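> Sharing coords_13.cif here; it has mmCIF, C-alpha atoms and all ligand atoms.
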data_model
loop_
_atom_site.label_atom_id
_atom_site.label_comp_id
_atom_site.auth_asym_id
_atom_site.auth_seq_id
_atom_site.Cartn_x
_atom_site.Cartn_y
_atom_site.Cartn_z
CA MET A 1 -87.27 10.59 -60.86
CA SER A 2 -85.30 7.45 -59.99
CA ALA A 3 -87.31 4.24 -60.38
CA PRO A 4 -84.80 1.40 -60.30
CA ILE A 5 -85.59 -2.30 -60.66
CA GLY A 6 -85.31 -3.86 -57.21
CA VAL A 7 -83.22 -7.03 -56.94
CA PHE A 8 -83.51 -8.97 -53.70
CA ASP A 9 -81.70 -11.88 -52.10
CA SER A 10 -81.14 -13.19 -48.60
CA GLY A 11 -77.47 -12.31 -49.06
CA TYR A 12 -74.97 -12.27 -51.91
CA GLY A 13 -76.52 -14.83 -54.27
CA GLY A 14 -78.79 -12.40 -56.10
CA LEU A 15 -75.68 -10.62 -57.34
CA THR A 16 -75.16 -13.54 -59.77
CA ILE A 17 -78.55 -12.63 -61.24
CA LEU A 18 -77.95 -8.87 -61.19
CA LYS A 19 -74.68 -9.38 -63.09
CA GLU A 20 -76.66 -10.91 -65.99
CA LEU A 21 -79.46 -8.33 -65.77
CA LYS A 22 -76.87 -5.61 -66.15
CA LYS A 23 -75.45 -7.38 -69.23
CA GLN A 24 -78.80 -7.77 -70.94
CA LEU A 25 -80.51 -4.57 -69.74
CA PRO A 26 -77.56 -2.22 -69.18
CA GLN A 27 -79.53 0.99 -69.50
CA HIS A 28 -81.88 0.25 -66.58
CA ASP A 29 -81.24 1.43 -63.01
CA TYR A 30 -81.10 -1.19 -60.25
CA ILE A 31 -81.14 -1.26 -56.49
CA TYR A 32 -79.80 -4.41 -54.85
CA LEU A 33 -80.67 -5.47 -51.34
CA GLY A 34 -79.06 -8.40 -49.53
CA ASP A 35 -80.60 -9.31 -46.19
CA ASN A 36 -77.22 -10.59 -44.98
CA ALA A 37 -78.02 -9.91 -41.34
CA ARG A 38 -80.71 -12.62 -41.49
CA ALA A 39 -79.19 -14.99 -44.10
CA PRO A 40 -79.40 -17.83 -44.79
CA TYR A 41 -83.11 -18.13 -45.47
CA GLY A 42 -82.89 -21.73 -46.73
CA SER A 43 -83.64 -23.42 -43.42
CA ARG A 44 -86.19 -20.87 -42.16
CA SER A 45 -89.93 -21.46 -41.95
CA PHE A 46 -92.45 -20.43 -44.58
CA GLU A 47 -93.83 -17.70 -42.25
CA THR A 48 -90.42 -16.23 -41.51
CA VAL A 49 -89.26 -16.13 -45.13
CA TYR A 50 -92.59 -14.58 -46.13
CA GLN A 51 -92.36 -11.91 -43.41
CA TYR A 52 -88.71 -11.02 -44.24
CA THR A 53 -89.38 -10.93 -47.98
CA LEU A 54 -92.47 -8.76 -47.56
CA GLU A 55 -90.44 -6.31 -45.47
CA ALA A 56 -87.89 -6.17 -48.28
CA VAL A 57 -90.54 -5.63 -50.96
CA LYS A 58 -92.00 -2.71 -48.96
CA TRP A 59 -88.49 -1.27 -48.60
CA PHE A 60 -88.03 -1.42 -52.39
CA PHE A 61 -91.39 0.31 -52.94
CA ASP A 62 -90.41 3.02 -50.44
CA ASN A 63 -87.23 3.47 -52.45
CA GLY A 64 -89.06 4.14 -55.72
CA CYS A 65 -89.16 0.68 -57.34
CA SER A 66 -92.20 -0.32 -59.42
CA LEU A 67 -90.70 -3.68 -60.28
CA VAL A 68 -88.93 -6.05 -57.90
CA VAL A 69 -87.17 -9.31 -58.80
CA LEU A 70 -86.84 -11.84 -55.97
CA ALA A 71 -83.42 -13.10 -57.10
CA CYS A 72 -83.64 -15.81 -54.45
CA ASN A 73 -85.24 -19.20 -54.99
CA THR A 74 -86.11 -19.60 -51.34
CA ALA A 75 -87.98 -16.28 -51.23
CA SER A 76 -89.59 -17.04 -54.61
CA ALA A 77 -90.68 -20.46 -53.32
CA LYS A 78 -92.02 -19.36 -49.97
CA ALA A 79 -93.16 -15.76 -50.33
CA LEU A 80 -93.85 -14.81 -53.95
CA ARG A 81 -97.31 -16.28 -54.35
CA ASN A 82 -98.63 -14.68 -51.13
CA ILE A 83 -97.08 -11.34 -52.00
CA GLN A 84 -98.54 -11.38 -55.52
CA GLN A 85 -101.99 -12.58 -54.47
CA LEU A 86 -102.54 -11.09 -51.01
CA ASP A 87 -100.24 -8.10 -50.52
CA LEU A 88 -99.76 -6.41 -53.88
CA PRO A 89 -103.47 -5.77 -54.55
CA ILE A 90 -103.62 -3.80 -51.26
CA LEU A 91 -100.12 -2.33 -51.13
CA ALA A 92 -99.50 -1.30 -54.71
CA PRO A 93 -101.77 -2.77 -57.41
CA HIS A 94 -99.71 -1.26 -60.24
CA LYS A 95 -96.37 -2.54 -59.02
CA ARG A 96 -94.93 -5.95 -59.87
CA VAL A 97 -92.91 -8.58 -58.01
CA LEU A 98 -91.36 -11.43 -60.02
CA GLY A 99 -89.39 -14.51 -59.02
CA VAL A 100 -86.80 -16.89 -60.47
CA ILE A 101 -88.56 -20.26 -60.34
CA ARG A 102 -91.07 -19.78 -63.12
CA PRO A 103 -88.61 -18.44 -65.73
CA SER A 104 -86.19 -21.27 -64.92
CA SER A 105 -88.93 -23.92 -65.14
CA GLU A 106 -90.13 -22.53 -68.47
CA VAL A 107 -86.89 -23.51 -70.21
CA LEU A 108 -85.19 -26.18 -68.08
CA GLY A 109 -86.82 -29.13 -69.84
CA ASN A 110 -85.35 -27.99 -73.16
CA TYR A 111 -81.86 -28.91 -71.95
CA SER A 112 -82.70 -32.54 -71.19
CA VAL A 113 -82.63 -35.45 -73.62
CA SER A 114 -83.14 -38.24 -71.05
CA GLY A 115 -86.21 -36.59 -69.51
CA HIS A 116 -84.63 -36.58 -66.04
CA VAL A 117 -83.52 -33.27 -64.48
CA GLY A 118 -81.94 -32.55 -61.11
CA ILE A 119 -82.80 -29.53 -58.98
CA MET A 120 -80.14 -28.62 -56.41
CA ALA A 121 -81.52 -26.10 -53.94
CA THR A 122 -81.93 -25.05 -50.33
CA SER A 123 -84.05 -27.19 -48.00
CA GLY A 124 -86.77 -24.54 -48.12
CA THR A 125 -86.99 -24.54 -51.91
CA VAL A 126 -87.02 -28.35 -52.01
CA GLN A 127 -89.71 -28.66 -49.32
CA SER A 128 -91.94 -26.13 -51.08
CA GLU A 129 -92.01 -28.42 -54.15
CA SER A 130 -92.29 -25.25 -56.25
CA TYR A 131 -90.05 -26.66 -58.99
CA ILE A 132 -92.06 -29.87 -59.19
CA MET A 133 -95.27 -27.87 -59.60
CA GLU A 134 -93.87 -25.38 -62.12
CA MET A 135 -92.06 -28.01 -64.20
CA ALA A 136 -95.27 -30.05 -64.38
CA LYS A 137 -96.94 -27.08 -66.12
CA PHE A 138 -94.29 -26.63 -68.80
CA PHE A 139 -92.77 -30.13 -69.14
CA PRO A 140 -95.31 -32.64 -67.82
CA THR A 141 -93.34 -35.68 -69.02
CA ILE A 142 -90.06 -34.70 -67.39
CA LYS A 143 -89.12 -36.33 -64.11
CA VAL A 144 -87.77 -33.84 -61.55
CA HIS A 145 -85.31 -35.11 -58.91
CA GLN A 146 -84.73 -32.67 -56.06
CA GLN A 147 -81.69 -32.52 -53.79
CA ALA A 148 -81.40 -30.22 -50.77
CA CYS A 149 -77.85 -28.92 -50.23
CA PRO A 150 -78.06 -27.26 -46.80
CA MET A 151 -74.29 -26.81 -46.35
CA TRP A 152 -73.64 -24.97 -49.61
CA VAL A 153 -75.03 -21.51 -48.76
CA PRO A 154 -73.24 -21.29 -45.38
CA LEU A 155 -69.97 -22.31 -47.10
CA ILE A 156 -70.47 -19.69 -49.81
CA GLU A 157 -71.67 -16.87 -47.52
CA ASN A 158 -68.55 -17.46 -45.43
CA GLY A 159 -66.20 -17.32 -48.42
CA GLU A 160 -65.30 -21.04 -48.12
CA TYR A 161 -66.39 -22.03 -51.63
CA ASP A 162 -62.85 -22.78 -52.83
CA THR A 163 -61.73 -25.08 -50.01
CA PRO A 164 -61.41 -28.87 -49.51
CA GLY A 165 -64.50 -28.61 -47.28
CA ALA A 166 -66.44 -27.39 -50.32
CA ASP A 167 -65.18 -30.38 -52.38
CA TYR A 168 -66.45 -32.70 -49.67
CA TYR A 169 -69.96 -31.22 -49.61
CA VAL A 170 -70.17 -30.95 -53.39
CA LYS A 171 -69.46 -34.67 -53.67
CA GLN A 172 -71.89 -35.53 -50.88
CA TYR A 173 -74.89 -33.82 -52.46
CA LEU A 174 -74.06 -34.90 -56.03
CA ASP A 175 -73.82 -38.51 -54.84
CA GLN A 176 -77.20 -38.16 -53.12
CA LEU A 177 -78.77 -36.64 -56.24
CA PHE A 178 -77.45 -39.34 -58.59
CA SER A 179 -78.48 -42.08 -56.16
CA GLN A 180 -82.06 -41.00 -56.99
CA SER A 181 -81.49 -41.64 -60.70
CA LYS A 182 -78.53 -42.36 -62.97
CA ASP A 183 -80.53 -40.94 -65.91
CA ILE A 184 -80.27 -37.30 -64.83
CA ASP A 185 -78.60 -35.41 -67.70
CA THR A 186 -79.34 -31.81 -66.63
CA ILE A 187 -78.84 -30.10 -63.29
CA LEU A 188 -80.23 -26.70 -62.37
CA LEU A 189 -78.38 -24.72 -59.72
CA ALA A 190 -81.66 -23.60 -58.16
CA CYS A 191 -80.12 -21.29 -55.62
CA THR A 192 -78.56 -18.04 -56.71
CA HIS A 193 -75.54 -18.59 -54.47
CA TYR A 194 -74.52 -21.84 -56.14
CA PRO A 195 -72.79 -20.46 -59.28
CA LEU A 196 -69.78 -19.84 -57.01
CA LEU A 197 -69.49 -23.60 -56.59
CA ALA A 198 -70.05 -24.27 -60.31
CA PRO A 199 -66.36 -25.02 -61.10
CA LYS A 200 -66.21 -27.61 -58.31
CA ILE A 201 -69.58 -29.11 -59.25
CA ALA A 202 -68.65 -29.27 -62.95
CA ALA A 203 -65.37 -31.02 -62.09
CA GLN A 204 -67.25 -33.85 -60.33
CA LEU A 205 -70.11 -34.32 -62.80
CA PRO A 206 -70.41 -37.49 -64.87
CA ASN A 207 -69.64 -36.94 -68.58
CA GLY A 208 -72.44 -35.42 -70.60
CA VAL A 209 -74.40 -33.95 -67.68
CA LYS A 210 -75.26 -30.27 -68.26
CA LEU A 211 -75.01 -27.74 -65.46
CA VAL A 212 -77.44 -24.84 -65.77
CA SER A 213 -77.21 -21.56 -63.81
CA GLN A 214 -80.12 -19.16 -63.61
CA GLY A 215 -78.61 -15.73 -64.28
CA GLU A 216 -78.87 -15.72 -68.05
CA ILE A 217 -82.27 -17.43 -68.03
CA VAL A 218 -83.77 -14.91 -65.60
CA ALA A 219 -82.28 -11.97 -67.51
CA GLU A 220 -83.62 -13.23 -70.86
CA SER A 221 -87.01 -13.70 -69.29
CA LEU A 222 -87.03 -10.16 -67.88
CA VAL A 223 -86.09 -8.73 -71.28
CA LYS A 224 -89.14 -10.47 -72.76
CA TYR A 225 -91.35 -9.43 -69.84
CA LEU A 226 -90.48 -5.76 -70.31
CA GLN A 227 -91.08 -6.03 -74.06
CA ASN A 228 -94.51 -7.50 -73.38
CA HIS A 229 -95.30 -4.96 -70.63
CA PRO A 230 -94.23 -1.57 -71.96
CA GLU A 231 -96.37 0.09 -69.27
CA ILE A 232 -94.07 -1.44 -66.63
CA ASP A 233 -90.90 -0.67 -68.58
CA GLN A 234 -91.96 2.98 -68.95
CA ASN A 235 -91.97 3.26 -65.15
CA CYS A 236 -88.32 2.12 -64.90
CA SER A 237 -85.63 4.80 -64.90
CA LYS A 238 -82.71 4.26 -67.27
CA ASN A 239 -79.44 5.92 -66.30
CA GLY A 240 -77.34 2.73 -66.04
CA LYS A 241 -76.99 3.24 -62.28
CA ILE A 242 -76.79 0.51 -59.59
CA ASP A 243 -77.00 1.06 -55.82
CA PHE A 244 -76.13 -1.73 -53.38
CA PHE A 245 -77.58 -2.19 -49.88
CA THR A 246 -77.09 -4.77 -47.17
CA THR A 247 -78.79 -5.21 -43.81
CA ASP A 248 -75.39 -6.19 -42.36
CA ASN A 249 -71.98 -4.54 -42.42
CA ALA A 250 -71.40 -2.59 -45.66
CA LYS A 251 -67.60 -3.03 -45.67
CA THR A 252 -67.88 -6.81 -45.33
CA PHE A 253 -70.48 -6.84 -48.09
CA GLU A 254 -68.15 -4.87 -50.38
CA LYS A 255 -65.32 -7.36 -49.78
CA GLN A 256 -67.39 -10.46 -50.56
CA ALA A 257 -69.60 -9.04 -53.31
CA SER A 258 -67.06 -8.90 -56.13
CA ALA A 259 -66.80 -12.72 -56.25
CA PHE A 260 -70.53 -12.82 -57.04
CA PHE A 261 -70.86 -9.68 -59.15
CA GLY A 262 -67.57 -9.85 -61.02
CA GLN A 263 -66.46 -6.33 -60.14
CA LYS A 264 -65.85 -4.14 -57.12
CA ILE A 265 -68.84 -2.30 -55.71
CA ALA A 266 -69.62 0.27 -53.02
CA ALA A 267 -72.36 -0.70 -50.55
CA ASN A 268 -74.57 1.00 -47.97
CA HIS A 269 -76.15 -0.32 -44.81
CA THR A 270 -79.92 -0.25 -44.37
CA ASP A 271 -82.33 -1.61 -41.78
CA LEU A 272 -85.52 -3.47 -42.63
CA ALA A 273 -88.77 -3.39 -40.70
N1 LIG B 301 -79.79 -17.47 -52.64
C1 LIG B 301 -80.96 -18.00 -52.12
C2 LIG B 301 -81.67 -18.93 -53.06
O1 LIG B 301 -81.61 -18.76 -54.23
C3 LIG B 301 -81.08 -18.48 -50.74
C4 LIG B 301 -79.93 -18.76 -49.90
C5 LIG B 301 -80.30 -18.83 -48.45
O2 LIG B 301 -80.43 -17.77 -47.87
O3 LIG B 301 -80.43 -19.94 -47.93
O4 LIG B 301 -82.34 -19.86 -52.69
#
Could the structure of this file be written out as structure tokens, please?


Amino acid sequence: MSAPIGVFDSGYGGLTILKELKKQLPQHDYIYLGDNARAPYGSRSFETVYQYTLEAVKWFFDNGCSLVVLACNTASAKALRNIQQLDLPILAPHKRVLGVIRPSSEVLGNYSVSGHVGIMATSGTVQSESYIMEMAKFFPTIKVHQQACPMWVPLIENGEYDTPGADYYVKQYLDQLFSQSKDIDTILLACTHYPLLAPKIAAQLPNGVKLVSQGEIVAESLVKYLQNHPEIDQNCSKNGKIDFFTTDNAKTFEKQASAFFGQKIAANHTDLA
């Protein structure tokens, strides 16, 4: 029986996480779903992101998944807690849904010497204050500076991440972040789309500031999670197979996906809800 790990994002961004999961857990099967037809999620309300994400989680369960990773900060920030606390106990008490904010917060403070970290994220993630709350649990003395970057996901989803327009918006949001504090020495790209802008961001960073992406961190955390929960790991099928789905046009998804995933893929269309 096929029981892949579900990997979800509003669009293409979760592919930057899946790429690392495949590196660190190559034997597992995965099913990726990008809700491209309704992306971006970053500016949508709590209720809408929760409703869309819950529809996706049900879709993964219907497709055999026992474990789903919300490879999207916005969905993790706005939907994960409700899904874990309200929906899972009724829907599927033995299944698990994990996010990307907690594993990132667990290690982020270790990168900083100054005690000031920057979180660059969608407006939704910033407004939820999820990073502030999670970081306070693991690194109570670290000061978290948040910066919403509402133009970055639209630029990236539209394939405009290597243009002068992207340079302009990278500078704008970095300037805004550093105007909060000159002591920031670590920046987390707290949106799974942002690694595509990493070269441009790195080129504009002050010397000595570290840029952290989430893929490796989330993958390392999942490796540990599965070691600590063999009962969950046993329910995952392991044929090294990955299937890709989008709620929008499959051909368009195939064209854009390789920039995020690092190799060509074949995609299928699906409808949610
Ligand atoms: N990639 C998603 C994230 O990590 C969200 C992008 C969006 O749909 O706004 O936050």

> Neighbours of ligand LIG 301 (chain B) at 9 Å or closer, counting all atoms listed in the file: which residues, as a PyMOL selection string?

chain A and resi 9-14+35-36+38-44+70-77+100+121-125+150+152-154+157+189-194

> Please, what distance in Å, to one decimal, runs between atom CA of Ser221 of chain A and atom CA of Ile83 of chain A?

20.1 Å

> For a test of reading the model, state the distance in Å between atom CA of Ala203 of chain A and atom CA of Gly118 of chain A, rounded to one decimal.

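One can read the atom CA of Ala203 of chain A to atom CA of Gly118 of chain A distance as 16.7 Å.
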
> How far is it from atom CA of Asn235 of chain A to atom CA of Gly64 of chain A, in Å with one decimal?

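So the answer is 9.9 Å.
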
> Skip Asn207 of chain A itself and residues of its chain fewer than 4 positions away, then list as a list in words all residues within 12 Å of it, counting all atoms listed in the file.

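Near Asn207 of chain A, the qualifying residues are Lys182, Asp183, Ile184, Asp185, Thr186, Ala202, Ala203 and Leu211 of chain A.
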
> Draw an axis-aligned box over all listed atoms of segment 181-198 of chain A, pad each side with 6 Å, and write its centre and edge lengths in Å, one decimal, as AutoDock Vina command-line options.


--center_x -75.6 --center_y -30.2 --center_z -61.1 --size_x 24.2 --size_y 36.3 --size_z 25.2
